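What follows is a short report on a single structure.
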Amino acid sequence: MSVVLYEHPFSPYAVKCKILLHEKGVAFEARLPEAIGSGSSGGAFLAANPRGEVPALIDDGFAIFDSSVICEYIEDKWAEPAFRPGSPMERAKARMIEEIMDTQYEAINWAMSELVAFKRAEGEEAAALKARAQGQYDNLFAWLTRELGGRDWFGGDRFGWADMAVIPFLNGTARFRMGPAKDTDLRRWMERCNARESLKRCNDDVQRAIATPAQSMDAAADRVKAGAFKREYRDHRLEWMLRSGGARIVWEGMEKGNIRFSNEIG
Ligand SMILES: N[C@@H](CCC(=O)N[C@@H](CS)C(=O)NCC(=O)O)C(=O)O
């Protein structure tokens, strides 16, 4: 019996899966796909996920892609401790939160990494895009705070599905120093999450990647400049750039060939 997770320490989607595997005590081998980010992944990784995205999980030869599908599979296969809330309404609520984080929320983090790590815009243009992002973050923090409703965890009295689905993205925002303010319910909730062993392990992976020259953001930025790294402007990420004033970035990336869209399945 073997469990392999194709992942990247910076991918919030991969972190969702790792949190769940750690929390359930499932042993797995973490693999960094060789050509991730180049737009030309191949081999066993592309066979596991035709989208060429992390995460992809292979359990005893059975391949699964998309973090939400993978998390549902993990929960179905390794039921204890249960992460899905008990009632249909609470389950729907957790899934709605997950959906917003995976789509609209992640697009803002993505855009910020394009500015901060990959220097797609500078000066006034960058400042305007960041201001737009901070406004959107603040609205989402207010929404998340309402969903948390003054409780310790999104699902009530224990760390569960929605917590696992939110924390990777808020940790990403905090790395840009744009996260929830100190002494707020949401910030205290983040601290509770990050104190857990599962999160410590994921956060250690991030620190290790930052300290590994070949995996660092600087190395990735050099690869983008050289055209060897093509950032994936899929669905909500593309929408964010177009609606928030970053159309120039998209056209320039297309001209220079250092952005790509989703893999066509075939
Ligand atoms: N909906 C997918 C999104 C996964 C995704 O976008 N992964 C990114 C990393 S955060 C990726 O692997 N991109 C491929 C690339 O950059 O080439 C999921 O939930 O798993």
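Letters A, B, ... go to the chains of the structure tokens in the order shown; residues in each chain start at 1; ligands are counted from 1 in the same order.
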
What are the closest atom pairs, with distances in Å to one decimal, for each residue of chain A lying within 6 Å of ligand 1, using only C-alpha atoms and all ligand atoms, rows by chain and rising residue number, as JSON lines?
{"residue": "A:Ser11", "atom": "CA", "partner": "ligand 1", "partner_atom_place_in_ligand_line": "10 (S)", "distance": 4.0}
{"residue": "A:Pro12", "atom": "CA", "partner": "ligand 1", "partner_atom_place_in_ligand_line": "10 (S)", "distance": 6.0}
{"residue": "A:Tyr13", "atom": "CA", "partner": "ligand 1", "partner_atom_place_in_ligand_line": "19 (O)", "distance": 5.3}
{"residue": "A:Ile36", "atom": "CA", "partner": "ligand 1", "partner_atom_place_in_ligand_line": "17 (O)", "distance": 5.0}
{"residue": "A:Gly37", "atom": "CA", "partner": "ligand 1", "partner_atom_place_in_ligand_line": "17 (O)", "distance": 3.4}
{"residue": "A:Ser38", "atom": "CA", "partner": "ligand 1", "partner_atom_place_in_ligand_line": "17 (O)", "distance": 5.8}
{"residue": "A:Gly39", "atom": "CA", "partner": "ligand 1", "partner_atom_place_in_ligand_line": "17 (O)", "distance": 5.2}
{"residue": "A:Gly52", "atom": "CA", "partner": "ligand 1", "partner_atom_place_in_ligand_line": "14 (C)", "distance": 5.8}
{"residue": "A:Glu53", "atom": "CA", "partner": "ligand 1", "partner_atom_place_in_ligand_line": "12 (O)", "distance": 3.1}
{"residue": "A:Val54", "atom": "CA", "partner": "ligand 1", "partner_atom_place_in_ligand_line": "12 (O)", "distance": 3.8}
{"residue": "A:Pro55", "atom": "CA", "partner": "ligand 1", "partner_atom_place_in_ligand_line": "20 (O)", "distance": 5.4}
{"residue": "A:Asp66", "atom": "CA", "partner": "ligand 1", "partner_atom_place_in_ligand_line": "20 (O)", "distance": 3.4}
{"residue": "A:Ser67", "atom": "CA", "partner": "ligand 1", "partner_atom_place_in_ligand_line": "20 (O)", "distance": 3.8}
{"residue": "A:Ser68", "atom": "CA", "partner": "ligand 1", "partner_atom_place_in_ligand_line": "19 (O)", "distance": 5.6}
{"residue": "A:Arg231", "atom": "CA", "partner": "ligand 1", "partner_atom_place_in_ligand_line": "16 (O)", "distance": 5.3}
{"residue": "A:Glu232", "atom": "CA", "partner": "ligand 1", "partner_atom_place_in_ligand_line": "16 (O)", "distance": 5.1}

Taking the backbone alone, and naming residues the way the document does, which bits of region 14-260 of chain A are helix (DSSP H, G or I) by DSSP, as a VMD selection string?
chain A and resid 14 to 23 43 to 48 67 to 77 88 to 116 123 to 148 161 to 175 185 to 194 197 to 211 213 to 215 217 to 225 235 to 243 247 to 256

Identify, on the basis of only C-alpha atoms, every residue whose closest approach to region 240-247 of chain A does not exceed 12 Å; exclude the query and any residue fewer than 4 positions from it along the same chain; express the result as a PyMOL selection string.
chain A and resi 103-112+114-115+120-122+124-136+233-236+251-254

Output file for the selection above: C-alpha atoms, as a PDB file, in the first residue's frame:
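Printed below is result32.pdb as written:
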ATOM      1  CA  THR A 103     -11.575  30.425  -6.451  1.00  0.00           C
ATOM      2  CA  GLN A 104     -12.014  34.114  -5.630  1.00  0.00           C
ATOM      3  CA  TYR A 105      -9.740  34.273  -2.604  1.00  0.00           C
ATOM      4  CA  GLU A 106      -6.831  32.377  -4.183  1.00  0.00           C
ATOM      5  CA  ALA A 107      -6.906  34.665  -7.219  1.00  0.00           C
ATOM      6  CA  ILE A 108      -5.911  37.616  -5.031  1.00  0.00           C
ATOM      7  CA  ASN A 109      -2.964  35.739  -3.469  1.00  0.00           C
ATOM      8  CA  TRP A 110      -1.942  34.676  -6.934  1.00  0.00           C
ATOM      9  CA  ALA A 111      -2.000  38.260  -8.190  1.00  0.00           C
ATOM     10  CA  MET A 112       0.059  39.398  -5.210  1.00  0.00           C
ATOM     11  CA  GLU A 114       2.814  38.039  -9.501  1.00  0.00           C
ATOM     12  CA  LEU A 115       3.642  41.497  -8.146  1.00  0.00           C
ATOM     13  CA  ARG A 120       5.084  41.971 -13.060  1.00  0.00           C
ATOM     14  CA  ALA A 121       4.349  45.607 -12.161  1.00  0.00           C
ATOM     15  CA  GLU A 122       6.182  48.300 -10.242  1.00  0.00           C
ATOM     16  CA  GLU A 124       2.172  53.371  -9.213  1.00  0.00           C
ATOM     17  CA  GLU A 125       0.750  50.462 -11.192  1.00  0.00           C
ATOM     18  CA  ALA A 126       1.823  47.981  -8.502  1.00  0.00           C
ATOM     19  CA  ALA A 127       0.554  50.266  -5.723  1.00  0.00           C
ATOM     20  CA  ALA A 128      -2.888  50.551  -7.367  1.00  0.00           C
ATOM     21  CA  LEU A 129      -3.175  46.780  -7.808  1.00  0.00           C
ATOM     22  CA  LYS A 130      -2.101  46.171  -4.205  1.00  0.00           C
ATOM     23  CA  ALA A 131      -4.647  48.687  -2.902  1.00  0.00           C
ATOM     24  CA  ARG A 132      -7.363  46.927  -4.892  1.00  0.00           C
ATOM     25  CA  ALA A 133      -6.236  43.586  -3.439  1.00  0.00           C
ATOM     26  CA  GLN A 134      -6.171  44.862   0.141  1.00  0.00           C
ATOM     27  CA  GLY A 135      -9.751  46.131  -0.219  1.00  0.00           C
ATOM     28  CA  GLN A 136     -10.870  42.730  -1.489  1.00  0.00           C
ATOM     29  CA  TYR A 233      -3.436  32.334 -15.584  1.00  0.00           C
ATOM     30  CA  ARG A 234      -6.434  30.052 -15.247  1.00  0.00           C
ATOM     31  CA  ASP A 235     -10.052  31.007 -14.598  1.00  0.00           C
ATOM     32  CA  HIS A 236     -10.356  33.330 -11.545  1.00  0.00           C
ATOM     33  CA  TRP A 251      -0.903  41.023 -22.647  1.00  0.00           C
ATOM     34  CA  GLU A 252       2.782  41.427 -21.830  1.00  0.00           C
ATOM     35  CA  GLY A 253       2.962  37.907 -20.382  1.00  0.00           C
ATOM     36  CA  MET A 254       1.277  36.510 -23.504  1.00  0.00           C
TER      37      MET A 254
END

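Relative to CA of Val3 (chain A), CA of Glu29 (chain A) is found at 6.3 Å.
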
Best match for closeness to Ala181 (chain A) among A:Glu75, A:Asp152, A:Glu7, A:Asp138, counting only C-alpha atoms:
A:Asp138

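Around Phe176 (chain A), within 10 Å and counting only C-alpha atoms, the residues found are Asn109, Met112, Ser113, Val116, Ala117, Asn171, Gly172, Thr173, Ala174, Met178 and Gly179 of chain A, once anything fewer than 2 positions away on its own chain is removed.
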
Writer output for current selection, C-alpha atoms, as a PDB file, in the first residue's frame:
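Wrote it out as selection.pdb, contents follow:
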ATOM      1  CA  ASN A 109      -2.964  35.739  -3.469  1.00  0.00           C
ATOM      2  CA  MET A 112       0.059  39.398  -5.210  1.00  0.00           C
ATOM      3  CA  SER A 113       2.687  36.755  -5.917  1.00  0.00           C
ATOM      4  CA  VAL A 116       5.789  40.730  -5.115  1.00  0.00           C
ATOM      5  CA  ALA A 117       7.744  37.684  -6.237  1.00  0.00           C
ATOM      6  CA  ASN A 171      -1.068  31.926   5.576  1.00  0.00           C
ATOM      7  CA  GLY A 172      -0.254  32.807   1.959  1.00  0.00           C
ATOM      8  CA  THR A 173      -1.695  36.302   2.432  1.00  0.00           C
ATOM      9  CA  ALA A 174       0.244  36.752   5.674  1.00  0.00           C
ATOM     10  CA  MET A 178      -1.527  41.708   3.959  1.00  0.00           C
ATOM     11  CA  GLY A 179      -3.238  39.321   6.381  1.00  0.00           C
TER      12      GLY A 179
END

Fewer than 6 positions away in the same chain doesn't count, so skip those; otherwise give me all residues within 9 Å of region 187-197 of chain A, counting only C-alpha atoms, as a ChimeraX atom specification.
/A:22-23,148,151-153,159,163-164,167,170-171,179-181,203

Please, could you write that set of residues out with N, CA and C atoms as a short mmCIF file (atom, residue, chain, number, x, y, z; two decimals), in the first residue's frame?
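Result saved to selection.cif:
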data_model
loop_
_atom_site.label_atom_id
_atom_site.label_comp_id
_atom_site.auth_asym_id
_atom_site.auth_seq_id
_atom_site.Cartn_x
_atom_site.Cartn_y
_atom_site.Cartn_z
N HIS A 22 -1.89 14.55 7.37
CA HIS A 22 -1.19 14.59 8.67
C HIS A 22 -2.18 14.39 9.82
N GLU A 23 -3.31 15.08 9.76
CA GLU A 23 -4.28 15.01 10.86
C GLU A 23 -4.81 13.58 11.03
N LEU A 148 -17.09 32.60 10.97
CA LEU A 148 -16.50 32.02 12.18
C LEU A 148 -17.44 32.25 13.37
N ARG A 151 -16.70 31.67 17.21
CA ARG A 151 -16.37 30.33 17.73
C ARG A 151 -14.86 30.07 17.59
N ASP A 152 -14.37 29.01 18.21
CA ASP A 152 -12.95 28.68 18.09
C ASP A 152 -12.61 28.22 16.67
N TRP A 153 -13.52 27.43 16.08
CA TRP A 153 -13.28 26.84 14.76
C TRP A 153 -14.50 27.10 13.90
N PHE A 159 -11.24 21.54 15.19
CA PHE A 159 -10.62 21.85 13.90
C PHE A 159 -11.22 20.92 12.84
N ASP A 163 -11.82 24.84 8.40
CA ASP A 163 -10.53 25.34 8.92
C ASP A 163 -9.39 24.89 7.99
N MET A 164 -9.42 23.60 7.66
CA MET A 164 -8.41 23.03 6.76
C MET A 164 -8.43 23.74 5.39
N ILE A 167 -7.13 27.96 6.11
CA ILE A 167 -5.83 28.38 6.66
C ILE A 167 -4.70 28.45 5.63
N LEU A 170 -4.93 31.93 3.99
CA LEU A 170 -4.63 33.07 4.86
C LEU A 170 -3.14 33.11 5.21
N ASN A 171 -2.52 31.94 5.35
CA ASN A 171 -1.07 31.93 5.58
C ASN A 171 -0.33 32.51 4.37
N GLY A 179 -2.27 40.17 5.69
CA GLY A 179 -3.24 39.32 6.38
C GLY A 179 -4.07 40.07 7.41
N PRO A 180 -4.94 39.35 8.13
CA PRO A 180 -5.81 39.97 9.13
C PRO A 180 -4.99 40.67 10.22
N ALA A 181 -5.53 41.78 10.71
CA ALA A 181 -4.84 42.58 11.73
C ALA A 181 -4.72 41.80 13.03
N ASN A 203 4.18 24.30 7.41
CA ASN A 203 4.92 25.56 7.46
C ASN A 203 6.42 25.32 7.43
#

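Shortest atom-to-atom contact with Pro9 (chain A) among A:Pro213, A:Lys119, A:Leu32, A:Ser41: A:Leu32, counting only C-alpha atoms.
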
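Going from CA of Phe229 (chain A) to CA of Ile259 (chain A) covers 7.9 Å.
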
Which residues come within 12 Å of Ala209 (chain A), counting only C-alpha atoms, excluding same-chain residues fewer than 3 positions away, as number ranges by chain?
A: 8-11, 32, 202-206, 212-220

What's the separation between CA of Trp161 (chain A) and CA of Thr145 (chain A), in Å to one decimal place?
16.2 Å

Which residues come within 8 Å of region 89-99 of chain A, counting only C-alpha atoms, excluding same-chain residues fewer than 4 positions away, as a PyMOL selection string?
chain A and resi 84-85+103+154-155+161-162+165-166

Kindly save the residues from that selection, with C-alpha atoms included, as a CSV table (one decimal), in the first residue's frame.
chain,number,residue,atom,x,y,z
A,84,ARG,CA,-16.7,16.8,7.5
A,85,PRO,CA,-19.3,18.3,9.8
A,103,THR,CA,-11.6,30.4,-6.5
A,154,PHE,CA,-15.5,27.3,11.7
A,155,GLY,CA,-17.3,24.1,12.4
A,161,TRP,CA,-13.1,20.9,7.1
A,162,ALA,CA,-13.6,24.6,6.7
A,165,ALA,CA,-9.8,24.8,3.6
A,166,VAL,CA,-9.2,28.4,4.8
